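Asker: Sharing my_file10.csv (CSV, C-alpha atoms and all ligand atoms) below.
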chain,number,residue,atom,x,y,z
A,465,MET,CA,3.3,22.7,10.9
A,466,THR,CA,2.1,21.7,14.3
A,467,ALA,CA,4.4,19.6,16.5
A,468,VAL,CA,4.0,15.9,15.7
A,469,SER,CA,3.6,13.9,18.9
A,470,GLU,CA,6.2,11.4,20.2
A,471,PRO,CA,6.5,8.2,18.1
A,472,GLY,CA,3.7,5.8,18.6
A,473,THR,CA,1.6,8.1,20.8
A,474,THR,CA,-2.0,9.1,20.1
A,475,LYS,CA,-4.0,12.3,19.8
A,476,LEU,CA,-7.7,11.3,20.1
A,477,GLN,CA,-10.5,12.7,17.9
A,478,VAL,CA,-8.5,14.2,15.2
A,479,ASP,CA,-10.1,13.5,11.9
A,480,LEU,CA,-8.2,13.0,8.6
A,481,ARG,CA,-9.0,16.5,7.2
A,482,ARG,CA,-8.0,18.2,10.4
A,483,HIS,CA,-4.8,16.2,10.6
A,484,LEU,CA,-3.8,17.2,7.0
A,485,ARG,CA,-4.7,20.8,7.8
A,486,GLU,CA,-2.6,20.8,11.0
A,487,LEU,CA,0.4,19.5,9.0
A,488,ASP,CA,-0.3,22.4,6.7
A,489,GLU,CA,-0.6,20.3,3.6
A,490,ASP,CA,-1.3,21.6,0.1
A,491,ARG,CA,-5.0,22.2,-0.1
A,492,ASP,CA,-5.4,20.3,-3.3
A,493,LEU,CA,-3.5,17.3,-1.9
A,494,THR,CA,-5.7,17.4,1.2
A,495,ARG,CA,-8.7,17.4,-1.0
A,496,LEU,CA,-7.4,14.5,-3.0
A,497,ILE,CA,-6.6,12.4,0.0
A,498,CYS,CA,-10.0,13.1,1.5
A,499,GLU,CA,-11.8,12.1,-1.7
A,500,ILE,CA,-9.9,8.8,-1.6
A,501,ALA,CA,-10.9,8.3,2.0
A,502,ASP,CA,-14.5,9.0,1.1
A,503,ALA,CA,-14.4,6.5,-1.7
A,504,SER,CA,-13.1,3.8,0.7
A,505,LYS,CA,-16.4,4.2,2.7
A,506,TYR,CA,-18.3,2.9,-0.3
A,507,ILE,CA,-15.8,0.2,-1.0
A,508,VAL,CA,-15.9,-1.1,2.6
A,509,ASN,CA,-19.7,-1.0,2.4
A,510,SER,CA,-19.7,-3.2,-0.7
A,511,ILE,CA,-17.3,-5.7,1.0
A,512,ARG,CA,-19.3,-5.8,4.2
A,513,THR,CA,-22.7,-6.2,2.6
A,514,GLY,CA,-21.4,-9.3,1.0
A,515,ASP,CA,-22.0,-8.2,-2.6
A,516,LEU,CA,-19.5,-10.8,-3.7
A,517,GLY,CA,-20.5,-9.9,-7.2
A,518,VAL,CA,-19.2,-12.3,-9.8
A,519,ALA,CA,-19.1,-10.2,-12.9
A,520,GLY,CA,-22.1,-11.1,-15.2
A,521,THR,CA,-24.4,-12.4,-12.4
A,522,SER,CA,-27.5,-10.8,-10.9
A,523,ASN,CA,-28.1,-9.8,-7.3
A,524,LEU,CA,-31.3,-10.3,-5.2
A,525,TYR,CA,-33.1,-7.5,-7.1
A,526,GLY,CA,-32.2,-8.9,-10.5
A,527,GLU,CA,-29.7,-6.1,-11.1
A,528,ASP,CA,-26.4,-6.9,-12.8
A,529,GLN,CA,-23.6,-7.3,-10.3
A,530,LEU,CA,-20.1,-6.3,-10.7
A,531,ALA,CA,-17.1,-8.1,-9.3
A,532,LEU,CA,-15.9,-6.3,-6.2
A,533,ASP,CA,-12.6,-5.3,-7.7
A,534,VAL,CA,-14.4,-3.8,-10.7
A,535,LEU,CA,-16.9,-2.1,-8.5
A,536,SER,CA,-14.1,-0.7,-6.2
A,537,ASP,CA,-12.3,0.6,-9.3
A,538,ARG,CA,-15.4,2.5,-10.5
A,539,ILE,CA,-16.0,4.0,-7.1
A,540,LEU,CA,-12.5,5.2,-6.7
A,541,ARG,CA,-12.2,6.4,-10.3
A,542,LYS,CA,-15.3,8.5,-10.0
A,543,ARG,CA,-14.1,10.3,-6.9
A,544,LEU,CA,-10.7,11.0,-8.4
A,545,ILE,CA,-12.3,12.5,-11.5
A,546,HIS,CA,-14.7,14.5,-9.2
A,547,SER,CA,-11.8,15.8,-7.1
A,548,GLY,CA,-10.9,18.3,-9.9
A,549,VAL,CA,-7.2,18.1,-9.1
A,550,VAL,CA,-6.1,15.0,-11.0
A,551,ALA,CA,-4.4,15.1,-14.4
A,552,THR,CA,-3.9,11.3,-15.0
A,553,ILE,CA,-5.0,8.1,-13.4
A,554,LEU,CA,-3.9,4.5,-13.7
A,555,SER,CA,-5.7,1.7,-12.1
A,556,GLU,CA,-4.4,-1.9,-11.6
A,557,GLU,CA,-7.8,-3.0,-12.6
A,558,THR,CA,-8.1,-1.5,-16.1
A,559,ASN,CA,-4.3,-1.1,-16.7
A,560,GLU,CA,-4.7,1.9,-18.9
A,561,VAL,CA,-3.6,5.5,-18.4
A,562,ILE,CA,-6.6,7.8,-18.4
A,563,GLU,CA,-6.0,11.5,-19.0
A,564,ILE,CA,-8.5,13.5,-17.0
A,565,ASP,CA,-7.5,17.1,-17.0
A,566,PRO,CA,-4.2,18.5,-18.4
A,567,LYS,CA,-4.4,21.3,-15.8
A,568,GLY,CA,-4.7,18.8,-13.0
A,569,LYS,CA,-2.0,18.9,-10.4
A,570,PHE,CA,-1.5,15.2,-9.6
A,571,SER,CA,-1.3,11.8,-11.2
A,572,VAL,CA,-2.6,8.8,-9.2
A,573,ALA,CA,-1.8,5.1,-9.6
A,574,PHE,CA,-4.0,2.8,-7.6
A,575,ASP,CA,-4.9,-0.8,-6.9
A,576,PRO,CA,-8.6,-0.5,-5.9
A,577,LEU,CA,-8.8,-3.9,-4.2
A,578,ASP,CA,-5.5,-5.7,-3.8
A,579,GLY,CA,-5.8,-9.3,-2.9
A,580,SER,CA,-9.4,-9.5,-4.1
A,581,SER,CA,-9.4,-13.3,-4.3
A,582,LEU,CA,-9.1,-13.2,-0.5
A,583,VAL,CA,-12.5,-11.6,-0.1
A,584,ASP,CA,-14.2,-14.9,-1.0
A,585,VAL,CA,-12.5,-16.6,1.9
A,586,ASN,CA,-13.1,-13.7,4.3
A,587,LEU,CA,-9.5,-12.6,4.7
A,588,ALA,CA,-8.3,-9.0,4.8
A,589,VAL,CA,-7.8,-6.9,1.6
A,590,GLY,CA,-6.9,-3.3,0.9
A,591,THR,CA,-6.7,-0.4,-1.4
A,592,ILE,CA,-3.3,1.1,-2.3
A,593,VAL,CA,-2.7,4.6,-3.7
A,594,SER,CA,0.4,6.4,-5.1
A,595,ILE,CA,0.3,10.1,-5.8
A,596,CYS,CA,2.8,12.1,-7.9
A,597,ARG,CA,2.9,15.7,-8.9
A,598,GLY,CA,2.1,16.4,-12.6
A,599,GLY,CA,0.6,14.2,-15.2
A,600,ASN,CA,3.5,11.8,-15.7
A,601,LEU,CA,3.0,8.4,-14.0
A,602,LEU,CA,6.3,7.0,-15.0
A,603,GLN,CA,8.4,8.7,-12.3
A,604,PRO,CA,10.7,6.9,-9.8
A,605,GLY,CA,8.9,6.3,-6.5
A,606,ARG,CA,11.0,8.8,-4.7
A,607,GLU,CA,9.1,11.5,-6.6
A,608,GLN,CA,5.8,10.6,-4.9
A,609,VAL,CA,4.2,13.4,-2.9
A,610,ALA,CA,1.9,11.0,-1.0
A,611,ALA,CA,1.1,7.4,-0.6
A,612,MET,CA,-1.6,5.6,1.4
A,613,TYR,CA,-3.4,2.3,1.9
A,614,ILE,CA,-6.8,1.4,3.4
A,615,LEU,CA,-7.0,-2.0,5.1
A,616,TYR,CA,-10.4,-3.7,5.2
A,617,GLY,CA,-9.9,-6.1,8.1
A,618,PRO,CA,-11.9,-6.6,11.3
A,619,ARG,CA,-11.5,-2.8,11.5
A,620,THR,CA,-11.1,-0.4,8.6
A,621,THR,CA,-7.9,1.6,8.9
A,622,LEU,CA,-6.2,4.2,6.7
A,623,VAL,CA,-2.5,4.8,6.7
A,624,TYR,CA,-1.0,7.7,4.8
A,625,SER,CA,2.2,9.7,4.4
A,626,THR,CA,2.9,13.0,2.6
A,627,GLY,CA,6.5,12.8,3.5
A,628,ARG,CA,6.1,14.0,7.1
A,629,GLY,CA,5.9,10.7,8.9
A,630,VAL,CA,3.3,7.9,8.7
A,631,HIS,CA,-0.1,8.2,10.4
A,632,GLU,CA,-2.8,5.7,11.0
A,633,PHE,CA,-6.6,6.4,11.2
A,634,GLN,CA,-9.5,4.2,12.1
A,635,MET,CA,-13.0,4.3,10.7
A,636,ASN,CA,-15.5,4.9,13.4
A,637,GLN,CA,-19.2,4.1,13.6
A,638,LEU,CA,-20.0,7.3,11.7
A,639,MET,CA,-17.6,6.2,9.0
A,640,GLU,CA,-15.2,9.0,9.8
A,641,TYR,CA,-11.5,8.4,10.0
A,642,THR,CA,-10.0,9.4,13.3
A,643,LEU,CA,-6.4,9.4,14.3
A,644,THR,CA,-5.2,6.4,16.1
A,645,THR,CA,-1.4,6.5,15.8
A,646,GLU,CA,0.7,9.4,14.8
A,647,ASN,CA,4.2,9.1,13.5
A,648,VAL,CA,4.4,5.3,13.2
A,649,ARG,CA,8.0,4.0,13.6
A,650,ILE,CA,9.6,0.6,12.6
A,651,LYS,CA,12.4,-0.9,14.7
A,652,PRO,CA,15.8,-1.6,13.1
A,653,SER,CA,15.3,-5.4,13.1
A,654,GLY,CA,12.5,-7.7,13.7
A,655,ARG,CA,11.2,-11.1,14.8
A,656,ILE,CA,8.7,-12.0,12.1
A,657,TYR,CA,8.9,-12.8,8.4
A,658,SER,CA,6.3,-12.9,5.6
A,659,PRO,CA,7.7,-14.8,2.6
A,660,GLY,CA,5.7,-14.6,-0.7
A,661,GLY,CA,6.2,-16.8,-3.7
A,662,GLN,CA,7.1,-20.5,-4.0
A,663,ARG,CA,10.0,-21.4,-1.8
A,664,ASN,CA,11.3,-24.2,-4.1
A,665,LEU,CA,11.8,-21.5,-6.7
A,666,TYR,CA,13.8,-19.2,-4.5
A,667,THR,CA,17.4,-18.5,-5.6
A,668,GLU,CA,20.3,-19.5,-3.4
A,669,GLY,CA,20.7,-16.0,-1.9
A,670,THR,CA,17.0,-15.8,-0.8
A,671,GLU,CA,16.9,-19.4,0.4
A,672,LYS,CA,20.0,-18.7,2.6
A,673,TYR,CA,18.3,-15.5,3.8
A,674,VAL,CA,15.1,-17.2,4.8
A,675,SER,CA,17.0,-20.0,6.5
A,676,SER,CA,19.1,-17.4,8.4
A,677,LEU,CA,15.9,-15.8,9.7
A,678,GLU,CA,14.5,-19.1,10.8
A,679,GLU,CA,17.8,-20.0,12.6
A,680,LYS,CA,17.5,-16.6,14.5
A,681,GLY,CA,14.0,-17.7,15.6
A,682,TYR,CA,11.9,-15.4,13.4
A,683,LYS,CA,8.2,-16.5,13.3
A,684,LEU,CA,6.2,-17.0,10.1
A,685,ARG,CA,3.4,-14.5,9.8
A,686,TYR,CA,2.0,-14.4,6.3
A,687,SER,CA,-1.6,-13.6,5.3
A,688,GLY,CA,-1.3,-13.7,1.5
A,689,GLY,CA,-2.5,-10.1,1.1
A,690,PHE,CA,0.0,-7.4,0.5
A,691,VAL,CA,-1.9,-4.7,2.4
A,692,PRO,CA,-2.4,-6.7,5.6
A,693,ASP,CA,1.1,-8.1,5.5
A,694,ILE,CA,2.6,-4.7,5.2
A,695,ASN,CA,0.3,-3.2,7.8
A,696,GLN,CA,1.4,-5.9,10.2
A,697,VAL,CA,5.1,-4.7,9.8
A,698,MET,CA,4.0,-1.1,10.1
A,699,MET,CA,1.8,-1.4,13.1
A,700,LYS,CA,3.8,-4.0,15.0
A,701,GLY,CA,6.8,-1.9,14.1
A,702,THR,CA,8.7,-5.0,13.3
A,703,GLY,CA,9.1,-7.6,10.5
A,704,ILE,CA,10.2,-8.3,7.0
A,705,PHE,CA,8.0,-9.0,3.9
A,706,LEU,CA,9.5,-10.5,0.8
A,707,TYR,CA,8.2,-11.4,-2.6
A,708,PRO,CA,11.6,-12.2,-4.2
A,709,HIS,CA,13.0,-12.8,-7.7
A,710,LEU,CA,12.3,-16.5,-8.5
A,711,ARG,CA,14.3,-18.9,-10.6
A,712,ASP,CA,11.6,-18.9,-13.3
A,713,ASN,CA,10.7,-15.2,-12.8
A,714,PRO,CA,13.4,-12.7,-12.1
A,715,GLN,CA,11.0,-9.8,-11.7
A,716,GLY,CA,8.9,-11.4,-9.0
A,717,LYS,CA,5.2,-10.7,-9.0
A,718,LEU,CA,4.4,-7.4,-7.4
A,719,ARG,CA,3.7,-4.3,-9.5
A,720,LEU,CA,6.0,-1.3,-9.2
A,721,LEU,CA,3.6,1.6,-9.7
A,722,PHE,CA,0.5,0.3,-7.8
A,723,GLU,CA,2.0,-1.8,-5.0
A,724,LEU,CA,5.8,-1.4,-4.5
A,725,ASN,CA,6.3,2.3,-4.8
A,726,PRO,CA,3.5,3.4,-2.4
A,727,MET,CA,4.4,0.8,0.2
A,728,ALA,CA,8.2,1.6,-0.1
A,729,PHE,CA,7.4,5.3,0.4
A,730,LEU,CA,5.4,4.5,3.5
A,731,ILE,CA,7.9,2.0,5.0
A,732,GLU,CA,10.8,4.4,4.4
A,733,GLN,CA,8.8,7.2,6.0
A,734,ALA,CA,8.4,5.0,9.1
A,735,GLY,CA,12.2,4.3,9.3
A,736,GLY,CA,12.3,1.0,7.4
A,737,LYS,CA,13.8,0.1,4.1
A,738,ALA,CA,12.6,-1.4,0.7
A,739,SER,CA,14.9,-3.0,-1.8
A,740,THR,CA,14.8,-5.3,-4.8
A,741,GLY,CA,17.7,-7.1,-3.1
A,742,LYS,CA,20.0,-5.1,-5.3
A,743,GLN,CA,18.5,-1.6,-5.5
A,744,ARG,CA,16.3,0.8,-3.5
A,745,ILE,CA,12.8,0.4,-4.8
A,746,LEU,CA,12.1,4.1,-4.8
A,747,ASP,CA,15.1,4.7,-7.2
A,748,ILE,CA,13.8,2.4,-10.0
A,749,GLU,CA,13.2,4.3,-13.2
A,750,PRO,CA,9.9,2.8,-14.4
A,751,GLN,CA,9.9,1.7,-18.1
A,752,GLY,CA,6.2,0.9,-18.4
A,753,ILE,CA,3.0,0.7,-16.4
A,754,ASP,CA,3.2,-3.1,-16.1
A,755,ASP,CA,6.7,-3.1,-14.5
A,756,ARG,CA,7.3,-5.6,-11.7
A,757,ALA,CA,10.1,-6.0,-9.2
A,758,PRO,CA,11.3,-8.3,-6.5
A,759,VAL,CA,10.9,-6.8,-3.0
A,760,PHE,CA,12.4,-7.1,0.5
A,761,ILE,CA,10.6,-4.6,2.7
A,762,GLY,CA,10.4,-3.9,6.4
A,763,CYS,CA,13.0,-3.5,9.2
A,764,ARG,CA,16.2,-1.8,7.9
A,765,GLU,CA,18.7,-4.3,9.2
A,766,ASP,CA,16.7,-7.2,7.9
A,767,VAL,CA,16.6,-5.7,4.4
A,768,GLU,CA,20.3,-5.1,4.5
A,769,THR,CA,21.0,-8.7,5.4
A,770,ALA,CA,18.9,-9.8,2.4
A,771,GLU,CA,20.9,-7.4,0.2
A,772,GLU,CA,24.2,-8.9,1.5
A,773,LEU,CA,23.2,-12.5,0.8
A,774,ILE,CA,21.8,-11.7,-2.6
A,775,ALA,CA,25.0,-9.8,-3.6
A,776,ARG,CA,27.0,-12.9,-2.6
A,777,TYR,CA,24.7,-15.8,-3.8
A,778,GLY,CA,22.3,-14.2,-6.2
B,1,LIG,P1,-3.6,-11.4,-5.2
B,1,LIG,O1,-2.9,-12.0,-6.4
B,1,LIG,O2,-4.4,-12.4,-4.4
B,1,LIG,O3,-4.4,-10.2,-5.6
B,1,LIG,O4,-0.4,-8.6,-6.0
B,1,LIG,C1,-1.6,-9.2,-5.5
B,1,LIG,C2,-1.3,-10.2,-4.4
B,1,LIG,O5,-2.5,-10.9,-4.1
B,1,LIG,C3,-0.8,-9.6,-3.1
B,1,LIG,O6,-1.8,-9.0,-2.3
B,1,LIG,C4,-0.1,-10.8,-2.4
B,1,LIG,O7,1.0,-10.4,-1.6
B,1,LIG,C5,0.4,-11.6,-3.6
B,1,LIG,O8,-0.3,-11.2,-4.7
B,1,LIG,C6,0.3,-13.0,-3.4
B,1,LIG,O9,0.8,-13.7,-4.5
B,1,LIG,P2,0.8,-15.3,-4.7
B,1,LIG,O10,-0.6,-15.6,-5.3
B,1,LIG,O11,1.9,-15.6,-5.7
B,1,LIG,O12,0.9,-16.0,-3.4
Once you've parsed the file, please lay out its structure as structure tokens.
Ligand code: FDP

Answerer:
Amino acid sequence: MTAVSEPGTTKLQVDLRRHLRELDEDRDLTRLICEIADASKYIVNSIRTGDLGVAGTSNLYGEDQLALDVLSDRILRKRLIHSGVVATILSEETNEVIEIDPKGKFSVAFDPLDGSSLVDVNLAVGTIVSICRGGNLLQPGREQVAAMYILYGPRTTLVYSTGRGVHEFQMNQLMEYTLTTENVRIKPSGRIYSPGGQRNLYTEGTEKYVSSLEEKGYKLRYSGGFVPDINQVMMKGTGIFLYPHLRDNPQGKLRLLFELNPMAFLIEQAGGKASTGKQRILDIEPQGIDDRAPVFIGCREDVETAEELIARYG
């Protein structure tokens, strides 16, 4: 493994494949991550060209159009099958486990276009991917061998970790991903908060927590898209995102396998923390593919304060 540069510093013109090679990653894992990166080029192209396909309608040429999330799912799925290293896949879009090759080395759970309703109003969206070894998708998040997301914002960026830090890449004019920040780090506490869910449904513990952040002068920064909201914490190196347990919904909204596990893996790798308020996200034993959990994720001390208040007030 080559020496990783100082936190937050940059090595220019290192592309994704070279970076993985320099970190001496498993060849098959490198291949898989690069296939996903390649798929994202087609996804971003569909988003940029404004093919806001509403399923069942036709485009300019009279061809049937697919909704963007359905299209993104097909693009990604094809590449995963093509990679030759995948045993099982599970997409948030189709919600079914697909067995690809019993000899495949990895299982992949993914949300091909998270926050897809935001595309219509031209806000940022993203792809989230979780990779485990073997064919079993129902493993606790700590067993992930890699996690990544791609953010389709004013720029397209890819953030990945294979358990050796978190690294950010930016798509250039040639649609190649080049390294922009190596070894991203999150500070122990922050100054911004991104609260999901309806506040009048917060429990006493969460309400007290959010009020305490406001009293400390934290600023509200919430986009409504999980990928851009997490990326903000990651790249500013500060902040807390929550989508808590609600009075009428104790499991919250976000899905464990497609959303929480990969983001918790990345945030922990950057020195942050991810909790349900009671338990580390990465230690949850999944019971089914549709599992959901509340989440407090971001700066370590800010997550710990949430855990204290939830332990005391629920
Ligand atoms: P969306 O439903 O628009 O796809 O899990 C999906 C997600 O967006 C996240 O990206 C976002 O953080 C959250 O849901 C927003 O939930 P609310 O609609 O309850 O605000």

Asker: Just want the residues within 7 Å of ligand LIG 1 (chain B), written as a ChimeraX atom specification, counting all atoms listed in the file.

Answerer: /A:578-582,660-661,688-691,717-719

Asker: For C-alpha atoms, I'd like the residues from the last selection saved as a CSV table (one decimal), in the coordinates of the input.

Answerer:
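Writing the result to selection_17.csv gives the following:
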chain,number,residue,atom,x,y,z
A,578,ASP,CA,-5.5,-5.7,-3.8
A,579,GLY,CA,-5.8,-9.3,-2.9
A,580,SER,CA,-9.4,-9.5,-4.1
A,581,SER,CA,-9.4,-13.3,-4.3
A,582,LEU,CA,-9.1,-13.2,-0.5
A,660,GLY,CA,5.7,-14.6,-0.7
A,661,GLY,CA,6.2,-16.8,-3.7
A,688,GLY,CA,-1.3,-13.7,1.5
A,689,GLY,CA,-2.5,-10.1,1.1
A,690,PHE,CA,0.0,-7.4,0.5
A,691,VAL,CA,-1.9,-4.7,2.4
A,717,LYS,CA,5.2,-10.7,-9.0
A,718,LEU,CA,4.4,-7.4,-7.4
A,719,ARG,CA,3.7,-4.3,-9.5

Asker: Can you tell me, as a ChimeraX atom specification, what residues are no more than 6 Å from His631 (chain A) when counting only C-alpha atoms, ignoring any on the same chain fewer than 5 positions away?

Answerer: /A:623-624,645-647

Asker: Filtering to C-alpha atoms, could you give me those residues as a short mmCIF file (atom, residue, chain, number, x, y, z; two decimals), in the coordinates of the input?

Answerer:
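To be explicit, this is the file written out as selection09.cif:
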data_model
loop_
_atom_site.label_atom_id
_atom_site.label_comp_id
_atom_site.auth_asym_id
_atom_site.auth_seq_id
_atom_site.Cartn_x
_atom_site.Cartn_y
_atom_site.Cartn_z
CA VAL A 623 -2.50 4.80 6.70
CA TYR A 624 -1.00 7.70 4.80
CA THR A 645 -1.40 6.50 15.80
CA GLU A 646 0.70 9.40 14.80
CA ASN A 647 4.20 9.10 13.50
#

Asker: Counting all atoms listed in the file, what is within 10 Å of Glu499 (chain A), bar same-chain residues fewer than 2 positions away, as a list in words?

Answerer: Leu493, Thr494, Arg495, Leu496, Ile497, Ala501, Asp502, Ala503, Ser504, Leu540, Lys542, Arg543, Leu544, Ile545, His546 and Ser547 of chain A

Asker: Could you tell me how far CA of Gly617 (chain A) sits from CA of Asn636 (chain A), in Å to one decimal place?

Answerer: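 Taking CA of Asn636 (chain A) as the start and CA of Gly617 (chain A) as the end point, the length is 13.4 Å.
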
Asker: Considering all atoms listed in the file, return as a list in words whatever protein or nucleic-acid residues lie within 6 Å of region 745-750 of chain A, sequence-local ones (same chain, fewer than 4 positions apart) excluded.

Answerer: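 The neighbour list is Leu602, Pro604, Gly605, Arg606, Ala738 and Ser739 of chain A.
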
Asker: Do you know which residues are at most 8 Å from Gln715 (chain A) counting all atoms listed in the file, after dropping those on the same chain fewer than 4 positions away, and could you put them as a list in words?

Answerer: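 The residues satisfying every condition are Pro708, His709, Leu710, Arg756, Ala757 and Pro758 of chain A.
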
Asker: Would you mind telling me which residue in A:Lys567, A:Arg628, A:Arg512, A:Lys742 lies nearest to Leu484 (chain A) when using only C-alpha atoms?

Answerer: A:Arg628

Asker: Which of these residues is nearest to Leu720 (chain A), using all atoms listed in the file: A:Leu684, A:Leu487, A:Leu601, A:Val609?

Answerer: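 Of A:Leu684, A:Leu487, A:Leu601, A:Val609, the one nearest Leu720 (chain A) is A:Leu601, counting all atoms listed in the file.
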
Asker: Give me the residues near Ile694 (chain A) as a PyMOL selection string, where near means some atom within 8 Å (using all atoms listed in the file) and where sequence neighbours in that chain fewer than 2 positions away do not count.

Answerer: chain A and resi 690-692+696-698+705+727+762

Asker: Can you work out which one of A:Ala610, A:Asn600, A:Leu577, A:Arg776 has the shortest atom-to-atom distance to Glu563 (chain A), counting only C-alpha atoms?

Answerer: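 Counting only C-alpha atoms, the residue closest to Glu563 (chain A) is A:Asn600.
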
Asker: Could you check how far CA of Thr702 (chain A) sits from CA of Ile592 (chain A), in Å to one decimal?

Answerer: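 Spanning CA of Thr702 (chain A) to CA of Ile592 (chain A) is a straight-line distance of 20.6 Å.
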
Asker: Between A:Gln733, A:Gly741, A:Phe633, A:Asp766, which one has atoms that come closest to Lys680 (chain A), using only C-alpha atoms?

Answerer: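 Among the listed residues, A:Asp766 lies closest to Lys680 (chain A).
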
Asker: In Å, how far is it from CA of Phe729 (chain A) to CA of Gly590 (chain A)?

Answerer: 16.7 Å

Asker: Of the residues A:Ile562, A:Ile539, A:Ile507, A:Leu773, which is the one nearest to Glu671 (chain A), using all atoms listed in the file?

Answerer: A:Leu773

Asker: Since the input lacks atoms, please generate N, CA, C and O atoms for region 614-626 of chain A and provide them as a PDB file, in the coordinates of the input.

Answerer:
ATOM      1  N   ILE A 614      -5.607   1.597   2.494  1.00  0.00           N
ATOM      2  CA  ILE A 614      -6.800   1.400   3.400  1.00  0.00           C
ATOM      3  C   ILE A 614      -6.888  -0.115   3.548  1.00  0.00           C
ATOM      4  O   ILE A 614      -6.859  -0.855   2.558  1.00  0.00           O
ATOM      5  N   LEU A 615      -6.961  -0.540   4.784  1.00  0.00           N
ATOM      6  CA  LEU A 615      -7.000  -2.000   5.100  1.00  0.00           C
ATOM      7  C   LEU A 615      -8.445  -2.320   5.543  1.00  0.00           C
ATOM      8  O   LEU A 615      -8.944  -1.740   6.511  1.00  0.00           O
ATOM      9  N   TYR A 616      -9.091  -3.249   4.825  1.00  0.00           N
ATOM     10  CA  TYR A 616     -10.400  -3.700   5.200  1.00  0.00           C
ATOM     11  C   TYR A 616     -10.263  -5.000   5.954  1.00  0.00           C
ATOM     12  O   TYR A 616     -10.229  -6.081   5.357  1.00  0.00           O
ATOM     13  N   GLY A 617     -10.091  -4.899   7.248  1.00  0.00           N
ATOM     14  CA  GLY A 617      -9.900  -6.100   8.100  1.00  0.00           C
ATOM     15  C   GLY A 617     -11.085  -6.086   9.090  1.00  0.00           C
ATOM     16  O   GLY A 617     -12.148  -5.535   8.806  1.00  0.00           O
ATOM     17  N   PRO A 618     -10.903  -6.690  10.277  1.00  0.00           N
ATOM     18  CA  PRO A 618     -11.900  -6.600  11.300  1.00  0.00           C
ATOM     19  C   PRO A 618     -12.291  -5.134  11.559  1.00  0.00           C
ATOM     20  O   PRO A 618     -13.422  -4.776  11.852  1.00  0.00           O
ATOM     21  N   ARG A 619     -11.287  -4.245  11.464  1.00  0.00           N
ATOM     22  CA  ARG A 619     -11.500  -2.800  11.500  1.00  0.00           C
ATOM     23  C   ARG A 619     -11.068  -2.259  10.129  1.00  0.00           C
ATOM     24  O   ARG A 619     -10.295  -2.905   9.441  1.00  0.00           O
ATOM     25  N   THR A 620     -11.566  -1.061   9.798  1.00  0.00           N
ATOM     26  CA  THR A 620     -11.100  -0.400   8.600  1.00  0.00           C
ATOM     27  C   THR A 620     -10.097   0.678   9.008  1.00  0.00           C
ATOM     28  O   THR A 620     -10.466   1.568   9.791  1.00  0.00           O
ATOM     29  N   THR A 621      -8.864   0.591   8.514  1.00  0.00           N
ATOM     30  CA  THR A 621      -7.900   1.600   8.900  1.00  0.00           C
ATOM     31  C   THR A 621      -7.279   2.221   7.627  1.00  0.00           C
ATOM     32  O   THR A 621      -7.218   1.576   6.572  1.00  0.00           O
ATOM     33  N   LEU A 622      -6.839   3.458   7.780  1.00  0.00           N
ATOM     34  CA  LEU A 622      -6.200   4.200   6.700  1.00  0.00           C
ATOM     35  C   LEU A 622      -4.834   4.634   7.161  1.00  0.00           C
ATOM     36  O   LEU A 622      -4.714   5.188   8.259  1.00  0.00           O
ATOM     37  N   VAL A 623      -3.824   4.378   6.353  1.00  0.00           N
ATOM     38  CA  VAL A 623      -2.500   4.800   6.700  1.00  0.00           C
ATOM     39  C   VAL A 623      -1.935   5.656   5.576  1.00  0.00           C
ATOM     40  O   VAL A 623      -2.013   5.260   4.416  1.00  0.00           O
ATOM     41  N   TYR A 624      -1.466   6.860   5.911  1.00  0.00           N
ATOM     42  CA  TYR A 624      -1.000   7.700   4.800  1.00  0.00           C
ATOM     43  C   TYR A 624       0.311   8.413   5.224  1.00  0.00           C
ATOM     44  O   TYR A 624       0.671   8.513   6.398  1.00  0.00           O
ATOM     45  N   SER A 625       1.007   8.879   4.188  1.00  0.00           N
ATOM     46  CA  SER A 625       2.200   9.700   4.400  1.00  0.00           C
ATOM     47  C   SER A 625       2.236  10.753   3.267  1.00  0.00           C
ATOM     48  O   SER A 625       1.997  10.415   2.107  1.00  0.00           O
ATOM     49  N   THR A 626       2.566  11.988   3.630  1.00  0.00           N
ATOM     50  CA  THR A 626       2.900  13.000   2.600  1.00  0.00           C
ATOM     51  C   THR A 626       4.334  13.385   2.722  1.00  0.00           C
ATOM     52  O   THR A 626       4.731  14.482   2.333  1.00  0.00           O
TER      53      THR A 626
END
